[in-house]
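Notes for the one structure printed next.
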Amino acid sequence: MAASKKLIAGNWKMNMLAADGIALARAIAAQGDIPTCDLLVCPPATILRAVAEAAGGSSVAVGGQDCHEAESGAFTGDVSAAMVRDAGASHVILGHSERRHGLGESDARVCAKAVAAHAAGLTAIVCIGETEAERDAGKTLDVLSGQLAGSLPDAGVDGATTVIAYEPVWAIGTGRTPTLDEVAVAHGHIRATLAVAMGDTAADIGLLYGGSMKPGNAADLLAVPDVDGGLIGGASLDAESFLAIAAAAG
Ligand code: PEP
């Protein structure tokens with residue numbers, strides 16, 4: 001395992017206006033000092049600073065959901081890694097399937113964003129995962145290898161700068177999950193692939209599982225070897241269910 005504490009990260013996606021986000025962050029922060037895990041919430045960019053302030057002074061960290069690879073410039077609607085950092089984030093999610101498949105984001109683009117995130121002092125949470133068609137074709141491990149090779153920078157990847165989130169696309173928001181054995185095989189493959197690329201450093205890199213993690217299945221998923229935490233979408237929008245997942249990390 002990469003770290004003694006699991007990382008339980010909430011991806012709020014395009015949900016929450018300021019008042020609700022602040023209330024959720026406060027509710028999590030009020031209960032969030034859990035010895036067995038680190039907590040991270042990733043609100044939309046519009047409320048990043050407000051949520052960071054609401055969580056300030058607690059052990060709950062805050063992350064962005066994306067950043068542009070350029071330092072600044074004519075990129076209407078985008079935010080740079082430095083802006084995400086400046087708003088109070090320590091982490092940024094990159095290459096989520098909703099961006100890879102919904103917006104055509106390539107491995108090369110994810111890699112460029114990870115370089116920018118590292119340069120800004122952000123920990124990059126790089127998401128990878130197979131589609132259902134790829135899984136049915138028996139290509140899951142090849143897809144994961146390819147995404148790792150294409151999405152991770154050649155330098156600067158270590159346990160402090162980078163986290164990998166394995167999120168089977170077909171499991172996101174569907175209520176379906178891989179079997180525990182399938183999760184173990186995928187995470188073992190990711191760890192082994194990283195080890196080939198970077199040697200002992202691979203052991204320090206946190207590997208999150210994401211895809212329909214809920215209070216009812218979290219303890220089993222988080223106990224799988226090489227699962228160092230979870231990236232949670234739907235169940236992170238409610239303090240009680242998010243904290244129940246965190247409690248299951250023990
Ligand atoms: C996600 O979008 O990263 C995710 C894991 O979503 P959900 O938990 O809702 O499947």
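Residues in the structure tokens are named by chain (A, B, ... in the order shown) and by number from 1 within that chain; ligands are numbered from 1 in the order shown.
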With ligand 1 as the partner and 6 Å as the cut-off, tabulate the residues of chain A that qualify, each row holding the nearest pair of atoms and their distance in Å to one decimal, using only C-alpha atoms and all ligand atoms, sorted by chain and rising number, as JSON lines.
```
{"residue": "A:Asn11", "atom": "CA", "partner": "ligand 1", "partner_atom_place_in_ligand_line": "3 (O)", "distance": 5.8}
{"residue": "A:Ala171", "atom": "CA", "partner": "ligand 1", "partner_atom_place_in_ligand_line": "10 (O)", "distance": 5.9}
{"residue": "A:Ile172", "atom": "CA", "partner": "ligand 1", "partner_atom_place_in_ligand_line": "10 (O)", "distance": 3.4}
{"residue": "A:Gly173", "atom": "CA", "partner": "ligand 1", "partner_atom_place_in_ligand_line": "10 (O)", "distance": 3.6}
{"residue": "A:Gly210", "atom": "CA", "partner": "ligand 1", "partner_atom_place_in_ligand_line": "5 (C)", "distance": 4.1}
{"residue": "A:Gly211", "atom": "CA", "partner": "ligand 1", "partner_atom_place_in_ligand_line": "10 (O)", "distance": 3.8}
{"residue": "A:Ser212", "atom": "CA", "partner": "ligand 1", "partner_atom_place_in_ligand_line": "10 (O)", "distance": 3.5}
{"residue": "A:Met213", "atom": "CA", "partner": "ligand 1", "partner_atom_place_in_ligand_line": "8 (O)", "distance": 5.2}
{"residue": "A:Leu231", "atom": "CA", "partner": "ligand 1", "partner_atom_place_in_ligand_line": "5 (C)", "distance": 5.3}
{"residue": "A:Ile232", "atom": "CA", "partner": "ligand 1", "partner_atom_place_in_ligand_line": "8 (O)", "distance": 4.1}
{"residue": "A:Gly233", "atom": "CA", "partner": "ligand 1", "partner_atom_place_in_ligand_line": "6 (O)", "distance": 3.4}
{"residue": "A:Gly234", "atom": "CA", "partner": "ligand 1", "partner_atom_place_in_ligand_line": "9 (O)", "distance": 3.7}
```
- Can you tell me, as a VMD selection string, what residues are no more than 9 Å from A:Ala108 when counting only C-alpha atoms, ignoring any on the same chain fewer than 3 positions away? chain A and resid 105 111 to 113 150 to 152
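When only C-alpha atoms are used to measure the gap to A:Val92, the shortest distance among A:Asp158, A:Ala45, A:Ser72, A:Val183 belongs to A:Ala45.
Nearest to A:Ala244 of all the residues A:Ala30, A:Ser145, A:Pro215, A:Pro225 is A:Pro215, based on only C-alpha atoms.
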- Task: Would you list, as a PyMOL selection string, the residues of stretch 20-236 of chain A that end up in alpha helix (DSSP H) under DSSP run on this structure's backbone?
- Result: chain A and resi 20-31+48-55+81-86+97-100+107-119+132-136+140-151+180-198+215-222
Output file for the selection above: C-alpha atoms, as a PDB file, in the first residue's frame:
```pdb
ATOM      1  CA  ASP A  20     -24.814  24.185  -0.425  1.00  0.00           C
ATOM      2  CA  GLY A  21     -21.119  23.565  -1.085  1.00  0.00           C
ATOM      3  CA  ILE A  22     -20.052  25.548   1.963  1.00  0.00           C
ATOM      4  CA  ALA A  23     -22.603  23.713   4.122  1.00  0.00           C
ATOM      5  CA  LEU A  24     -21.416  20.332   2.822  1.00  0.00           C
ATOM      6  CA  ALA A  25     -17.759  21.210   3.359  1.00  0.00           C
ATOM      7  CA  ARG A  26     -18.508  22.399   6.888  1.00  0.00           C
ATOM      8  CA  ALA A  27     -20.471  19.235   7.701  1.00  0.00           C
ATOM      9  CA  ILE A  28     -17.622  17.056   6.450  1.00  0.00           C
ATOM     10  CA  ALA A  29     -14.981  19.147   8.187  1.00  0.00           C
ATOM     11  CA  ALA A  30     -16.885  18.980  11.481  1.00  0.00           C
ATOM     12  CA  GLN A  31     -16.637  15.185  11.503  1.00  0.00           C
ATOM     13  CA  LEU A  48     -13.286  26.263  -4.955  1.00  0.00           C
ATOM     14  CA  ARG A  49     -12.161  29.210  -2.833  1.00  0.00           C
ATOM     15  CA  ALA A  50     -15.372  29.330  -0.785  1.00  0.00           C
ATOM     16  CA  VAL A  51     -15.137  25.615  -0.042  1.00  0.00           C
ATOM     17  CA  ALA A  52     -11.421  25.882   0.751  1.00  0.00           C
ATOM     18  CA  GLU A  53     -12.244  28.641   3.227  1.00  0.00           C
ATOM     19  CA  ALA A  54     -15.114  26.628   4.718  1.00  0.00           C
ATOM     20  CA  ALA A  55     -12.799  23.641   5.181  1.00  0.00           C
ATOM     21  CA  ALA A  81      -3.283  24.975 -12.569  1.00  0.00           C
ATOM     22  CA  ALA A  82      -1.923  28.048 -10.793  1.00  0.00           C
ATOM     23  CA  MET A  83      -5.474  29.444 -10.554  1.00  0.00           C
ATOM     24  CA  VAL A  84      -6.697  26.200  -9.014  1.00  0.00           C
ATOM     25  CA  ARG A  85      -3.815  26.339  -6.551  1.00  0.00           C
ATOM     26  CA  ASP A  86      -4.416  30.029  -5.860  1.00  0.00           C
ATOM     27  CA  SER A  97     -13.836   9.775 -18.066  1.00  0.00           C
ATOM     28  CA  GLU A  98     -16.455  12.500 -18.416  1.00  0.00           C
ATOM     29  CA  ARG A  99     -13.706  14.621 -19.954  1.00  0.00           C
ATOM     30  CA  ARG A 100     -11.920  11.849 -21.864  1.00  0.00           C
ATOM     31  CA  ASP A 107      -3.821  10.853 -23.014  1.00  0.00           C
ATOM     32  CA  ALA A 108      -1.379  13.472 -24.333  1.00  0.00           C
ATOM     33  CA  ARG A 109      -3.613  16.302 -23.120  1.00  0.00           C
ATOM     34  CA  VAL A 110      -3.990  14.672 -19.693  1.00  0.00           C
ATOM     35  CA  CYS A 111      -0.214  14.330 -19.550  1.00  0.00           C
ATOM     36  CA  ALA A 112       0.294  18.015 -20.411  1.00  0.00           C
ATOM     37  CA  LYS A 113      -2.195  18.959 -17.701  1.00  0.00           C
ATOM     38  CA  ALA A 114      -0.355  16.777 -15.186  1.00  0.00           C
ATOM     39  CA  VAL A 115       2.905  18.582 -16.028  1.00  0.00           C
ATOM     40  CA  ALA A 116       1.129  21.909 -15.436  1.00  0.00           C
ATOM     41  CA  ALA A 117      -0.420  20.671 -12.193  1.00  0.00           C
ATOM     42  CA  HIS A 118       2.963  19.531 -10.875  1.00  0.00           C
ATOM     43  CA  ALA A 119       4.559  22.848 -11.832  1.00  0.00           C
ATOM     44  CA  GLU A 132     -17.630  -1.490 -21.184  1.00  0.00           C
ATOM     45  CA  ALA A 133     -16.846  -2.432 -24.804  1.00  0.00           C
ATOM     46  CA  GLU A 134     -13.128  -2.585 -24.006  1.00  0.00           C
ATOM     47  CA  ARG A 135     -13.858  -4.723 -20.965  1.00  0.00           C
ATOM     48  CA  ASP A 136     -16.093  -7.081 -22.946  1.00  0.00           C
ATOM     49  CA  THR A 140      -9.016  -3.835 -19.766  1.00  0.00           C
ATOM     50  CA  LEU A 141      -5.377  -4.284 -18.761  1.00  0.00           C
ATOM     51  CA  ASP A 142      -4.069  -3.145 -22.149  1.00  0.00           C
ATOM     52  CA  VAL A 143      -6.207  -0.017 -21.919  1.00  0.00           C
ATOM     53  CA  LEU A 144      -4.882   0.727 -18.446  1.00  0.00           C
ATOM     54  CA  SER A 145      -1.271   0.237 -19.565  1.00  0.00           C
ATOM     55  CA  GLY A 146      -1.788   2.520 -22.539  1.00  0.00           C
ATOM     56  CA  GLN A 147      -3.448   5.245 -20.499  1.00  0.00           C
ATOM     57  CA  LEU A 148      -0.693   5.115 -17.883  1.00  0.00           C
ATOM     58  CA  ALA A 149       2.023   5.314 -20.522  1.00  0.00           C
ATOM     59  CA  GLY A 150       0.315   8.199 -22.313  1.00  0.00           C
ATOM     60  CA  SER A 151      -1.058  10.210 -19.409  1.00  0.00           C
ATOM     61  CA  LEU A 180     -13.383  -7.498  -5.841  1.00  0.00           C
ATOM     62  CA  ASP A 181     -11.128  -9.886  -7.759  1.00  0.00           C
ATOM     63  CA  GLU A 182     -11.372  -7.720 -10.863  1.00  0.00           C
ATOM     64  CA  VAL A 183     -10.473  -4.645  -8.824  1.00  0.00           C
ATOM     65  CA  ALA A 184      -7.502  -6.510  -7.328  1.00  0.00           C
ATOM     66  CA  VAL A 185      -6.281  -7.562 -10.773  1.00  0.00           C
ATOM     67  CA  ALA A 186      -6.623  -4.041 -12.176  1.00  0.00           C
ATOM     68  CA  HIS A 187      -4.877  -2.391  -9.234  1.00  0.00           C
ATOM     69  CA  GLY A 188      -2.137  -5.019  -9.172  1.00  0.00           C
ATOM     70  CA  HIS A 189      -1.591  -4.411 -12.885  1.00  0.00           C
ATOM     71  CA  ILE A 190      -1.418  -0.646 -12.386  1.00  0.00           C
ATOM     72  CA  ARG A 191       1.114  -1.029  -9.571  1.00  0.00           C
ATOM     73  CA  ALA A 192       3.217  -3.464 -11.619  1.00  0.00           C
ATOM     74  CA  THR A 193       3.095  -1.196 -14.674  1.00  0.00           C
ATOM     75  CA  LEU A 194       4.218   1.766 -12.600  1.00  0.00           C
ATOM     76  CA  ALA A 195       7.014  -0.340 -11.097  1.00  0.00           C
ATOM     77  CA  VAL A 196       8.369  -1.171 -14.530  1.00  0.00           C
ATOM     78  CA  ALA A 197       8.366   2.522 -15.423  1.00  0.00           C
ATOM     79  CA  MET A 198       9.683   4.003 -12.174  1.00  0.00           C
ATOM     80  CA  PRO A 215     -21.359   3.155   2.139  1.00  0.00           C
ATOM     81  CA  GLY A 216     -22.586  -0.407   1.547  1.00  0.00           C
ATOM     82  CA  ASN A 217     -19.682  -1.577  -0.628  1.00  0.00           C
ATOM     83  CA  ALA A 218     -16.869   0.719   0.513  1.00  0.00           C
ATOM     84  CA  ALA A 219     -15.388  -1.505   3.216  1.00  0.00           C
ATOM     85  CA  ASP A 220     -14.980  -4.412   0.770  1.00  0.00           C
ATOM     86  CA  LEU A 221     -13.586  -2.267  -2.048  1.00  0.00           C
ATOM     87  CA  LEU A 222     -11.190  -0.388   0.248  1.00  0.00           C
TER      88      LEU A 222
END
```
- Do a neighbour search on A:Asp228 at 9 Å with only C-alpha atoms, toss out local chain neighbours closer than 5 positions, and write the hits as a count of residues only. 15
- Between atom CA of A:Val224 and atom CA of A:Ala202, what is the spacing in Å?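 Separation of atom CA of A:Ala202 and atom CA of A:Val224: 17.5 Å.
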- Message: Considering only C-alpha atoms, can you say which of A:Val126, A:Ala120, A:Asn15, A:Gly56 comes closest to A:Glu69?
- Response: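 Closest to A:Glu69, using only C-alpha atoms: A:Ala120.
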- Item | atom CA of A:Gly230 to atom CA of A:Ala246, distance in Å rounded to a single decimal |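 So the answer is 9.0 Å.
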Mind dumping a table of every stretch 63-181 of chain A residue within 10 Å of stretch 36-42 of chain A, with the nearest atom pair and its distance in Å to one decimal, using only C-alpha atoms, sorted by chain and rising number, as a tab-separated table?
```
residue	atom	partner	partner_atom	distance
A:Gly63	CA	A:Cys42	CA	4.5
A:Gly64	CA	A:Cys42	CA	5.3
A:Gln65	CA	A:Cys42	CA	6.1
A:Asp66	CA	A:Cys42	CA	9.7
A:Ala89	CA	A:Cys42	CA	8.5
A:Ser90	CA	A:Leu40	CA	9.1
A:His91	CA	A:Cys42	CA	8.3
A:Val92	CA	A:Cys42	CA	7.7
A:Ile93	CA	A:Cys42	CA	7.9
```
